[in-house]
Amino acid sequence: MATASLSSMGVRSLESAYSRLGILLIAPAMLLLIATIVYPLLYALWLSLNSVYTPTQQSSFVGLANYRDMLGSPTFWFSLWVTIVWTTSTLILQILCGVGMALLLNEKILFRSAARSLVLFPYFVSTVVAVLVWRWLFNDLYGLLNQVLLELHLVDAPVNWLGQMPNAMISIVLVGTWKYFPFVVIAVLARLQTIPLSLYEAARMDGAGPVGRFFDVTLPQLREVLGVVILLRIIWDFKEFDLLYLMTGGGPVNQTRSVPLLVYQQAFGLNQMGTASTSAVGMMVVMGLLMAAYLYRSQRTRSQDASR
Amino acid sequence: MAAVSFRNVRKVFGETVSIPSLDLDIRDGEFVCLLGPSGCGKTTTLRMLAGLEQPTSGAIHIGGQQVHELPPAKRDIAMVFQSYALYPHLTVAENIVYPLKKRGVPKGEWPAMLASIAQLLQLEPLLARKPKQLSGGQQQRVALGRALIRKPKVFLLDEPLSNLDAKLRAHMRAELIELHRRIGTTTVYVTHDQLEAMTMSTRIAVMNGGVLQQFGTPDEIYYRPANQFVAGFIGTPAMSLIDGDMQRDDHGFSVRAGGLLLRLPNSALCGDAAREVAIGLRPEDIVLGRGAHSARIKVVEPTGHESIVLMECGGATLCTRIASDVPLAAELRAGQDVPFDVTLARVHVFCRQSGLRQNRDDVNVTAIKRTRDAA
Amino acid sequence: MRADKFNPLASLVTWVIVILMVFPLIWMVLTSIKPQSELFVFPIKLLPEHVTFEHYRRLLEDTPFLSYFWNSVMLSVATTVVVMAVATLGGYSLARFRYRGRETIAVAVLCTYLMPSVVLIIPLYLMMVKLGLENTLTSLVISYTTFALPYALWLLRSFMAGIPEDLEAAALVDGAGRLGAFRDVILPQALPGIISTALFTFILAWNEYLYALVMVNTDETRPLTTGVMNMLVSSFNIEWSLLMAASVMMSVPLLFFFAFMQRYLTSGFGAGGVKG
């Protein structure tokens with residue numbers, strides 16, 4: 001039996017063969033992602049340092065001029081404000097409605113699984129369909145919403161939902177909430193279903209009523225899920241393009257033009273791809289800061305809990 | 001059928017050294033148990049033999065062939081997992097013939113091989129079922145069947161009985177012993193249950209902390225444990241271990257431990273026996289009712305045909321047995337003082353620092369057993 | 001479903017809310033089957049007096065709708081096939097192999113999941129022009145991988161990680177190689193997860209708007225999302241009944257999705273959506 005062998009010198013060929021196979025299997029995905037995300041990202045950074053005329057794609061290097069213009073002009077800051085208003089409003093509503101609906105769907109409801117499936121419809125419907133349907137409902141003359149309001153004498157004249165502020169923002173926030181809160185429902189409901197009933201029974205024995213049980217048992221259990229959900233929704237609502245573009249196009253008078261819309265308009269409306277890329281980079285920086293701040297806060301709370 | 005050897009095998013996980021250096025030679029046809037507590041490295045060793053883990057350094061041979069760089073498929077081994085790992089989407093029959101499919105055995109031969117395995121393990125009525133329709137014991141037999149059908153060189157089992165209830169476990173133990181007797185494949189069996197190890201193996205490899213403590217027959221392990229760990233691990237109820245001091249003079253050794261003073265002849269222990277020792281006494285080597293020593297009874301635990309008695313002697317706890325039909329048994333009470341005797345020939349002396357056993361065994365194990373029966 | 005112990009109050013409240021939520025979609029269907037005359041009356045009636053499929057007929061015959069539909073089908077199927085092929089292997093790699101940088105890659109995949117499309121549309125558009133792929137469905141398939149692939153990778157990785165390791169180990173000992181074990185054990189066991197991820201990817205591609213808007217601008221190549229919106233914008237009178245009929249037809253795959261996905265939806269979506 002040969003005892004002195006390559007293997008005793010530490011060459012583990014089977015392990016490295018497995019590793020190579022693993023790398024081979026992830027390679028196509030990696031290449032695709034690098035080609036479609038990493039490279040374009042770097043390219044966008046490069047573009048932001050140039051002035052590019054869209055139709056001809058003629059570009060000239062301008063250094064940080066675009067950034068100076070962006071930070072100096074009210075356009076970018078105003079659309080950032082619009083984005084923050086939109087994101088915050090719809091987020092709050094999404095969370096409130098989502099948690100509420102999840103609590104309901106966790107009860108013993110007649111035809112519960114049907115209800116749970118139907119609740120998901122708005123999320124999976126295309127934004128185009130959602131916008132068409134809601135614009136039809138919001139139609140000032142023939143839309144059902146105005147009809148109902150008129151008949152209930154809640155308003156005297158048809159409401160202009162999309163052509164007027166603050167209605168336009170309100171409409172967008174409403175439709176956004178309608179479309180995206182099922183995501184919160186699903187995540188929260190999945191977590192609710194894993195909370196042991198014994199926790200509630202113990203609370204009940206200690207004298208807690210339903211409200212008490214919600215705040216003392218349910219909410220702490222939901223903290224982690226909500227943390228993730230809120231972060232994801234902030235990111236996705238912040239970068240939402242389709243809904244705002246299709247509902248109002250950014251109007252009236254750019255009052256609902258969030259940063260994603262600004263980027264699109266600068267690139268394809270004003271034909272300034274360089275400027276548009278700069279706005280896009282600006283948006284990413286803001287999002288990055290938001291994420292960092294959020295994660296820092298949640299790390300702090302977690303370490304506070306741990307040290308208690 | 002083949003011999004298995006580990007030569008200087010070392011396994012490191014990240015920063016932790018799981019197995020510093022393992023040397024083990026398993027003979028062709030043996031049934032070897034890797035026995036030890038959780039985390040002792042026995043499963044890692046088995047998985048390295050299977051090819052599911054690779055040793056950091058060292059060599060593993062099966063039948064003289066170097067295997068530690070071969071994938072599991074090329075090692076001609078079969079394995080039964082603790083969870084049985086039956087393929088849930090395949091029927092019992094498909095599960096069992098899967099290895100044949102993978103090894104390229106011609107399809108025409110499958111039915112005959114399947115039939116003989118099914119008959120051997122009484123699986124005929126279950127062949128069309130899916131694993132989730134089977135009980136634990138049935139799943140285990142299917143796992144066995146899947147392993148047996150290929151007639152591998154080495155048979156590996158990873159705590160296969162631990163998920164079964166006690167009665168079924170006892171039954172399967174007997175079945176496995178019978179199978180090994182009949183088929184005779186080299187078998188490596190991992191368990192933490194010393195009863196399984198003692199009843200089933202030709203030799204037991206006791207491991208602790210990644211280190212092989214002792215490799216010997218069940219009798220050797222029981223009557224001549226290499227160190228304190230093995231002595232304490234094997235045997236139920238466990239051996240009583242008492243710290244003490246030893247002096248040597250011209251006539252022999254005198255050991256003072258707990259409340260006991262024992263004198264042992266020069267021939268009993270190695271010449272360089274240490275001063276700080278621990279003595280080990282198995283329950284059957286402590287006889288109640290007569291003798292020079294005395295202890296106070298702490299607890300009497302009747303278990304049917306015998307009672308287990310815990311008693312305190314000079315600060316140390318001793319454990320012994322007494323048959324229920326002995327008149328003394330009925331009189332024993334907690335708090336009572338009772339005389340007892342110790343079978344000197346089988347007192348174990350361990351060096352407290354190294355844990356190693358100091359006894360010199362010129363007599364063979366059979367003689368030791370005979371002494372007991374004669375007493 | 002237990003027949004006893006229903007919470008009647010909760011049931012009532014829940015169903016009222018659910019109906020209100022789904023109402024816009026119901027209204028969409030109702031509008032699409034009402035004759036034009038019934039659309040513009042005061043007061044609006046909920047239910048149609050006469051049911052007509054006139055609008056559907058016009059949609060299919062008089063508009064490029066069918067070509068949009070066909071484009072969407074091809075686009076979504078192609079995207080799903082490409083993404084699933086790459087993500088299944090990648091998910092297996094991330095779940096079951098050990099190599100340097102694996103965790104970094106997993107985190108990187110997570111980050112790409114959060115990448116805003118607006119940042120990428122400009123460079124991707126320029127890249128497609130350079131490759132000569134502008135205004136083709138291929139450019140869309142490539143662009144869609146930017147958001148479909150990370151999500152599919154993440155989902156499939158969690159599904160495969162949930163398969164007991166012993167099963168693969170058993171296959172390896174029985175004589176399979178790693179790819180054989182993948183085919184014989186992982187794929188069958190992960191099948192529910194694979195199907196739900198595939199359906200998910202299909203829906204994501206079917207519903208995508210922004211990339212279609214930027215990359216494609218002729219009717220022959222337009223998918224449904226931009227095509228239908230184009231119909232809205234380019235006509236002088238907004239034909240709501242036509243648009244509602246189009247919306248209904250656009251949502252048809254969604255119904256199939258739900259029909260097949262009842263069981264898997266919560267587990268698959270929840271796992272990916274929350275863990276992400």
# chains A, B, ... in the order shown; residues from 1 in each chain; ligands from 1
call {"tool": "interface_residues", "arguments": {"of": "chain C", "to": "chain A", "cutoff": "6 Å", "atoms": "only C-alpha atoms", "output": "list in words"}}
result
Phe6, Asn7, Ser11, Val86, Leu89, Gly90, Ser93, Phe97, Arg98, Tyr99, Pro116, Val118, Val119, Leu120, Pro123, Thr146, Asn207, Ser247 and Gly270 of chain C
call {"tool": "write_last_selection", "arguments": {"atoms": "N, CA and C atoms", "output": "PDB file, in the first residue's frame"}}
result
ATOM      1  N   PHE C   6     -66.409  29.237  11.900  1.00  0.00           N
ATOM      2  CA  PHE C   6     -66.060  30.374  11.049  1.00  0.00           C
ATOM      3  C   PHE C   6     -66.288  31.647  11.817  1.00  0.00           C
ATOM      4  N   ASN C   7     -65.463  32.611  11.561  1.00  0.00           N
ATOM      5  CA  ASN C   7     -65.627  33.911  12.181  1.00  0.00           C
ATOM      6  C   ASN C   7     -66.474  34.741  11.240  1.00  0.00           C
ATOM      7  N   SER C  11     -65.267  37.233   8.260  1.00  0.00           N
ATOM      8  CA  SER C  11     -65.574  36.796   6.895  1.00  0.00           C
ATOM      9  C   SER C  11     -66.256  37.909   6.127  1.00  0.00           C
ATOM     10  N   VAL C  86     -30.695  29.199 -17.427  1.00  0.00           N
ATOM     11  CA  VAL C  86     -29.512  29.736 -16.753  1.00  0.00           C
ATOM     12  C   VAL C  86     -29.689  29.705 -15.235  1.00  0.00           C
ATOM     13  N   LEU C  89     -29.423  26.082 -13.392  1.00  0.00           N
ATOM     14  CA  LEU C  89     -28.048  25.656 -13.153  1.00  0.00           C
ATOM     15  C   LEU C  89     -27.380  26.538 -12.117  1.00  0.00           C
ATOM     16  N   GLY C  90     -27.616  27.860 -12.249  1.00  0.00           N
ATOM     17  CA  GLY C  90     -26.999  28.787 -11.303  1.00  0.00           C
ATOM     18  C   GLY C  90     -27.508  28.576  -9.886  1.00  0.00           C
ATOM     19  N   SER C  93     -25.822  25.670  -8.439  1.00  0.00           N
ATOM     20  CA  SER C  93     -24.455  25.999  -8.062  1.00  0.00           C
ATOM     21  C   SER C  93     -24.415  26.754  -6.741  1.00  0.00           C
ATOM     22  N   PHE C  97     -22.808  23.942  -4.100  1.00  0.00           N
ATOM     23  CA  PHE C  97     -21.385  23.822  -4.353  1.00  0.00           C
ATOM     24  C   PHE C  97     -20.626  24.777  -3.457  1.00  0.00           C
ATOM     25  N   ARG C  98     -19.364  24.420  -3.202  1.00  0.00           N
ATOM     26  CA  ARG C  98     -18.548  25.304  -2.381  1.00  0.00           C
ATOM     27  C   ARG C  98     -17.394  25.811  -3.241  1.00  0.00           C
ATOM     28  N   TYR C  99     -17.309  27.113  -3.360  1.00  0.00           N
ATOM     29  CA  TYR C  99     -16.162  27.682  -4.065  1.00  0.00           C
ATOM     30  C   TYR C  99     -15.958  29.094  -3.564  1.00  0.00           C
ATOM     31  N   PRO C 116     -32.402  49.919 -10.225  1.00  0.00           N
ATOM     32  CA  PRO C 116     -33.491  50.602 -10.937  1.00  0.00           C
ATOM     33  C   PRO C 116     -33.320  50.444 -12.448  1.00  0.00           C
ATOM     34  N   VAL C 118     -34.429  52.404 -14.738  1.00  0.00           N
ATOM     35  CA  VAL C 118     -34.167  53.666 -15.435  1.00  0.00           C
ATOM     36  C   VAL C 118     -32.675  53.912 -15.621  1.00  0.00           C
ATOM     37  N   VAL C 119     -31.888  53.419 -14.668  1.00  0.00           N
ATOM     38  CA  VAL C 119     -30.453  53.628 -14.807  1.00  0.00           C
ATOM     39  C   VAL C 119     -29.926  52.839 -15.995  1.00  0.00           C
ATOM     40  N   LEU C 120     -30.497  51.671 -16.211  1.00  0.00           N
ATOM     41  CA  LEU C 120     -29.939  50.766 -17.215  1.00  0.00           C
ATOM     42  C   LEU C 120     -30.505  50.994 -18.608  1.00  0.00           C
ATOM     43  N   PRO C 123     -27.953  53.011 -21.176  1.00  0.00           N
ATOM     44  CA  PRO C 123     -26.830  52.245 -21.715  1.00  0.00           C
ATOM     45  C   PRO C 123     -27.270  50.998 -22.490  1.00  0.00           C
ATOM     46  N   THR C 146     -32.347  41.397 -17.037  1.00  0.00           N
ATOM     47  CA  THR C 146     -31.802  42.217 -15.952  1.00  0.00           C
ATOM     48  C   THR C 146     -32.638  42.122 -14.683  1.00  0.00           C
ATOM     49  N   ASN C 207     -45.706  41.464 -18.361  1.00  0.00           N
ATOM     50  CA  ASN C 207     -46.183  42.752 -17.870  1.00  0.00           C
ATOM     51  C   ASN C 207     -45.217  43.908 -18.059  1.00  0.00           C
ATOM     52  N   SER C 247     -57.628  45.058 -22.241  1.00  0.00           N
ATOM     53  CA  SER C 247     -57.135  44.780 -20.897  1.00  0.00           C
ATOM     54  C   SER C 247     -57.541  43.390 -20.453  1.00  0.00           C
ATOM     55  N   GLY C 270     -43.665  34.028  -1.234  1.00  0.00           N
ATOM     56  CA  GLY C 270     -43.278  34.508   0.077  1.00  0.00           C
ATOM     57  C   GLY C 270     -41.807  34.288   0.350  1.00  0.00           C
TER      58      GLY C 270
END
call {"tool": "interface_residues", "arguments": {"of": "chain C", "to": "chain B", "cutoff": "12 Å", "atoms": "only C-alpha atoms", "output": "JSON, numbers by chain"}}
result
{"C": [163, 164, 165, 166, 167, 168, 169, 170, 171, 172, 173, 174, 175, 176, 177, 178, 180, 181, 184, 185, 186, 187, 188, 189, 190, 191]}
call {"tool": "write_last_selection", "arguments": {"atoms": "C-alpha atoms", "output": "mmCIF file, in the first residue's frame"}}
result
data_model
loop_
_atom_site.group_PDB
_atom_site.id
_atom_site.type_symbol
_atom_site.label_atom_id
_atom_site.label_comp_id
_atom_site.auth_asym_id
_atom_site.auth_seq_id
_atom_site.Cartn_x
_atom_site.Cartn_y
_atom_site.Cartn_z
ATOM 1 C CA ILE C 163 -33.929 19.676 -0.592
ATOM 2 C CA PRO C 164 -32.315 17.314 1.949
ATOM 3 C CA GLU C 165 -28.626 16.864 1.242
ATOM 4 C CA ASP C 166 -28.824 13.161 2.001
ATOM 5 C CA LEU C 167 -30.798 12.555 -1.187
ATOM 6 C CA GLU C 168 -27.993 13.817 -3.369
ATOM 7 C CA ALA C 169 -25.444 11.993 -1.236
ATOM 8 C CA ALA C 170 -27.398 8.772 -1.738
ATOM 9 C CA ALA C 171 -27.413 9.311 -5.481
ATOM 10 C CA LEU C 172 -23.677 9.949 -5.495
ATOM 11 C CA VAL C 173 -23.011 6.773 -3.559
ATOM 12 C CA ASP C 174 -25.368 4.855 -5.826
ATOM 13 C CA GLY C 175 -23.205 5.782 -8.767
ATOM 14 C CA ALA C 176 -24.408 9.104 -10.111
ATOM 15 C CA GLY C 177 -22.080 11.984 -10.868
ATOM 16 C CA ARG C 178 -22.998 15.446 -9.633
ATOM 17 C CA GLY C 180 -26.590 12.901 -12.717
ATOM 18 C CA ALA C 181 -27.662 13.584 -9.150
ATOM 19 C CA ASP C 184 -32.285 12.423 -10.965
ATOM 20 C CA VAL C 185 -32.813 14.012 -7.566
ATOM 21 C CA ILE C 186 -32.727 17.806 -7.556
ATOM 22 C CA LEU C 187 -34.854 18.449 -10.630
ATOM 23 C CA PRO C 188 -37.738 16.165 -9.667
ATOM 24 C CA GLN C 189 -37.718 17.415 -6.094
ATOM 25 C CA ALA C 190 -37.496 21.065 -7.059
ATOM 26 C CA LEU C 191 -40.136 20.715 -9.749
#
call {"tool": "closest_residue", "arguments": {"among": "B:Ser354, B:Ile286, B:Gly41, B:Ile26", "to": "Phe13 of chain B", "atoms": "only C-alpha atoms"}}
result
B:Gly41
call {"tool": "select_by_dssp", "arguments": {"residues": "segment 46-100 of chain B", "states": "helix (DSSP H, G or I)", "output": "PyMOL selection string"}}
result
chain B and resi 46-50+72-74+92-100
call {"tool": "interface_residues", "arguments": {"of": "chain B", "to": "chain A", "cutoff": "8 Å", "atoms": "only C-alpha atoms", "output": "list in words"}}
result
Arg7, Gln54, Pro55, Thr56, Ser57, Gly58, Ala59, Gly64, Gln65, His68, Glu69, Leu70 and Pro71 of chain B
call {"tool": "write_last_selection", "arguments": {"atoms": "N, CA and C atoms", "output": "compact mmCIF listing (two decimals), in the first residue's frame"}}
result
# COMPACT_ATOMS: atom_id res chain seq x y z
N ARG B 7 -4.89 6.05 6.72
CA ARG B 7 -3.49 6.24 7.04
C ARG B 7 -3.24 7.72 7.25
N GLN B 54 -13.86 15.07 1.72
CA GLN B 54 -12.49 14.71 1.36
C GLN B 54 -11.55 15.01 2.51
N PRO B 55 -10.64 14.08 2.84
CA PRO B 55 -9.70 14.37 3.92
C PRO B 55 -8.78 15.53 3.51
N THR B 56 -8.40 16.33 4.51
CA THR B 56 -7.48 17.43 4.24
C THR B 56 -6.11 16.89 3.86
N SER B 57 -5.74 15.78 4.50
CA SER B 57 -4.50 15.09 4.10
C SER B 57 -4.60 13.66 4.59
N GLY B 58 -3.74 12.82 4.08
CA GLY B 58 -3.78 11.42 4.50
C GLY B 58 -4.31 10.56 3.37
N ALA B 59 -4.33 9.24 3.62
CA ALA B 59 -4.73 8.32 2.56
C ALA B 59 -5.78 7.36 3.05
N GLY B 64 -6.95 -2.23 -1.04
CA GLY B 64 -5.62 -1.95 -1.57
C GLY B 64 -5.59 -0.80 -2.56
N GLN B 65 -6.76 -0.31 -2.96
CA GLN B 65 -6.79 0.76 -3.95
C GLN B 65 -6.99 2.10 -3.25
N HIS B 68 -9.13 8.05 -1.86
CA HIS B 68 -9.55 9.32 -1.28
C HIS B 68 -9.70 10.43 -2.30
N GLU B 69 -9.27 10.19 -3.54
CA GLU B 69 -9.55 11.21 -4.54
C GLU B 69 -10.63 10.80 -5.52
N LEU B 70 -11.20 9.64 -5.30
CA LEU B 70 -12.24 9.18 -6.20
C LEU B 70 -13.60 9.68 -5.74
N PRO B 71 -14.49 9.98 -6.69
CA PRO B 71 -15.85 10.32 -6.29
C PRO B 71 -16.54 9.07 -5.74
call {"tool": "residues_around", "arguments": {"residues": "Glu220 of chain B", "least_positions_apart": "2", "cutoff": "12 Å", "atoms": "only C-alpha atoms", "output": "list in words"}}
result
Met198, Thr202, Arg203, Ile204, Ala205, Val206, Gln214, Phe215, Gly216, Thr217, Pro218, Tyr222, Tyr223, Arg224, Pro225, Ala226, Asn227, Val230, Ala231, Ile234, Asp361, Asn364, Val365, Thr366, Ile368 and Lys369 of chain B
call {"tool": "decode", "arguments": {"residues": "segment 41-115 of chain A", "atoms": "C-alpha atoms", "output": "PDB file, in the first residue's frame"}}
result
ATOM      1  CA  LEU A  41     -24.084  50.448 -14.899  1.00  0.00           C
ATOM      2  CA  LEU A  42     -20.496  51.444 -15.526  1.00  0.00           C
ATOM      3  CA  TYR A  43     -21.488  52.726 -18.931  1.00  0.00           C
ATOM      4  CA  ALA A  44     -24.180  54.877 -17.316  1.00  0.00           C
ATOM      5  CA  LEU A  45     -21.594  56.339 -14.976  1.00  0.00           C
ATOM      6  CA  TRP A  46     -19.455  57.151 -17.982  1.00  0.00           C
ATOM      7  CA  LEU A  47     -22.425  58.679 -19.806  1.00  0.00           C
ATOM      8  CA  SER A  48     -23.127  60.947 -16.878  1.00  0.00           C
ATOM      9  CA  LEU A  49     -19.786  62.561 -17.471  1.00  0.00           C
ATOM     10  CA  ASN A  50     -20.694  63.363 -21.055  1.00  0.00           C
ATOM     11  CA  SER A  51     -23.160  65.393 -22.979  1.00  0.00           C
ATOM     12  CA  VAL A  52     -24.910  63.044 -25.376  1.00  0.00           C
ATOM     13  CA  TYR A  53     -27.405  63.975 -28.052  1.00  0.00           C
ATOM     14  CA  THR A  54     -29.832  61.072 -28.264  1.00  0.00           C
ATOM     15  CA  PRO A  55     -30.789  60.811 -31.938  1.00  0.00           C
ATOM     16  CA  THR A  56     -27.236  60.951 -33.251  1.00  0.00           C
ATOM     17  CA  GLN A  57     -25.510  59.673 -30.131  1.00  0.00           C
ATOM     18  CA  GLN A  58     -22.843  62.264 -30.539  1.00  0.00           C
ATOM     19  CA  SER A  59     -21.154  62.736 -27.247  1.00  0.00           C
ATOM     20  CA  SER A  60     -18.606  65.087 -25.796  1.00  0.00           C
ATOM     21  CA  PHE A  61     -16.886  64.815 -22.484  1.00  0.00           C
ATOM     22  CA  VAL A  62     -17.949  67.415 -19.962  1.00  0.00           C
ATOM     23  CA  GLY A  63     -16.604  66.052 -16.720  1.00  0.00           C
ATOM     24  CA  LEU A  64     -18.658  66.901 -13.702  1.00  0.00           C
ATOM     25  CA  ALA A  65     -20.581  69.693 -15.405  1.00  0.00           C
ATOM     26  CA  ASN A  66     -23.747  67.605 -15.552  1.00  0.00           C
ATOM     27  CA  TYR A  67     -23.564  67.005 -11.832  1.00  0.00           C
ATOM     28  CA  ARG A  68     -23.072  70.657 -11.098  1.00  0.00           C
ATOM     29  CA  ASP A  69     -26.073  71.519 -13.250  1.00  0.00           C
ATOM     30  CA  MET A  70     -28.205  68.850 -11.671  1.00  0.00           C
ATOM     31  CA  LEU A  71     -27.403  69.835  -8.117  1.00  0.00           C
ATOM     32  CA  GLY A  72     -27.857  73.481  -8.929  1.00  0.00           C
ATOM     33  CA  SER A  73     -31.153  73.247 -10.773  1.00  0.00           C
ATOM     34  CA  PRO A  74     -34.485  73.001  -9.021  1.00  0.00           C
ATOM     35  CA  THR A  75     -35.687  70.418 -11.547  1.00  0.00           C
ATOM     36  CA  PHE A  76     -33.839  67.525  -9.995  1.00  0.00           C
ATOM     37  CA  TRP A  77     -34.580  68.539  -6.424  1.00  0.00           C
ATOM     38  CA  PHE A  78     -38.239  69.038  -7.139  1.00  0.00           C
ATOM     39  CA  SER A  79     -38.619  65.651  -8.763  1.00  0.00           C
ATOM     40  CA  LEU A  80     -36.737  64.150  -5.832  1.00  0.00           C
ATOM     41  CA  TRP A  81     -39.300  65.781  -3.563  1.00  0.00           C
ATOM     42  CA  VAL A  82     -42.135  64.382  -5.685  1.00  0.00           C
ATOM     43  CA  THR A  83     -40.570  60.939  -5.446  1.00  0.00           C
ATOM     44  CA  ILE A  84     -40.281  61.174  -1.675  1.00  0.00           C
ATOM     45  CA  VAL A  85     -43.887  62.315  -1.318  1.00  0.00           C
ATOM     46  CA  TRP A  86     -45.106  59.504  -3.541  1.00  0.00           C
ATOM     47  CA  THR A  87     -42.952  56.823  -1.880  1.00  0.00           C
ATOM     48  CA  THR A  88     -43.755  57.793   1.683  1.00  0.00           C
ATOM     49  CA  SER A  89     -47.489  58.129   1.128  1.00  0.00           C
ATOM     50  CA  THR A  90     -47.931  54.893  -0.710  1.00  0.00           C
ATOM     51  CA  LEU A  91     -45.616  53.039   1.630  1.00  0.00           C
ATOM     52  CA  ILE A  92     -47.576  54.011   4.717  1.00  0.00           C
ATOM     53  CA  LEU A  93     -50.843  53.005   3.087  1.00  0.00           C
ATOM     54  CA  GLN A  94     -49.392  49.768   1.721  1.00  0.00           C
ATOM     55  CA  ILE A  95     -48.150  48.736   5.142  1.00  0.00           C
ATOM     56  CA  LEU A  96     -51.337  49.680   6.968  1.00  0.00           C
ATOM     57  CA  CYS A  97     -53.619  47.991   4.458  1.00  0.00           C
ATOM     58  CA  GLY A  98     -51.271  45.070   4.009  1.00  0.00           C
ATOM     59  CA  VAL A  99     -50.954  44.263   7.684  1.00  0.00           C
ATOM     60  CA  GLY A 100     -54.659  44.797   8.232  1.00  0.00           C
ATOM     61  CA  MET A 101     -55.619  42.509   5.383  1.00  0.00           C
ATOM     62  CA  ALA A 102     -53.132  39.877   6.503  1.00  0.00           C
ATOM     63  CA  LEU A 103     -54.625  39.899   9.975  1.00  0.00           C
ATOM     64  CA  LEU A 104     -58.067  39.404   8.496  1.00  0.00           C
ATOM     65  CA  LEU A 105     -56.949  36.628   6.189  1.00  0.00           C
ATOM     66  CA  ASN A 106     -55.357  34.856   9.119  1.00  0.00           C
ATOM     67  CA  GLU A 107     -58.770  34.409  10.715  1.00  0.00           C
ATOM     68  CA  LYS A 108     -61.134  31.602   9.914  1.00  0.00           C
ATOM     69  CA  ILE A 109     -62.818  33.068   6.880  1.00  0.00           C
ATOM     70  CA  LEU A 110     -65.361  31.386   4.697  1.00  0.00           C
ATOM     71  CA  PHE A 111     -63.636  30.382   1.435  1.00  0.00           C
ATOM     72  CA  ARG A 112     -60.381  31.645   2.829  1.00  0.00           C
ATOM     73  CA  SER A 113     -58.101  30.267   0.135  1.00  0.00           C
ATOM     74  CA  ALA A 114     -60.222  31.922  -2.554  1.00  0.00           C
ATOM     75  CA  ALA A 115     -59.979  35.218  -0.720  1.00  0.00           C
TER      76      ALA A 115
END
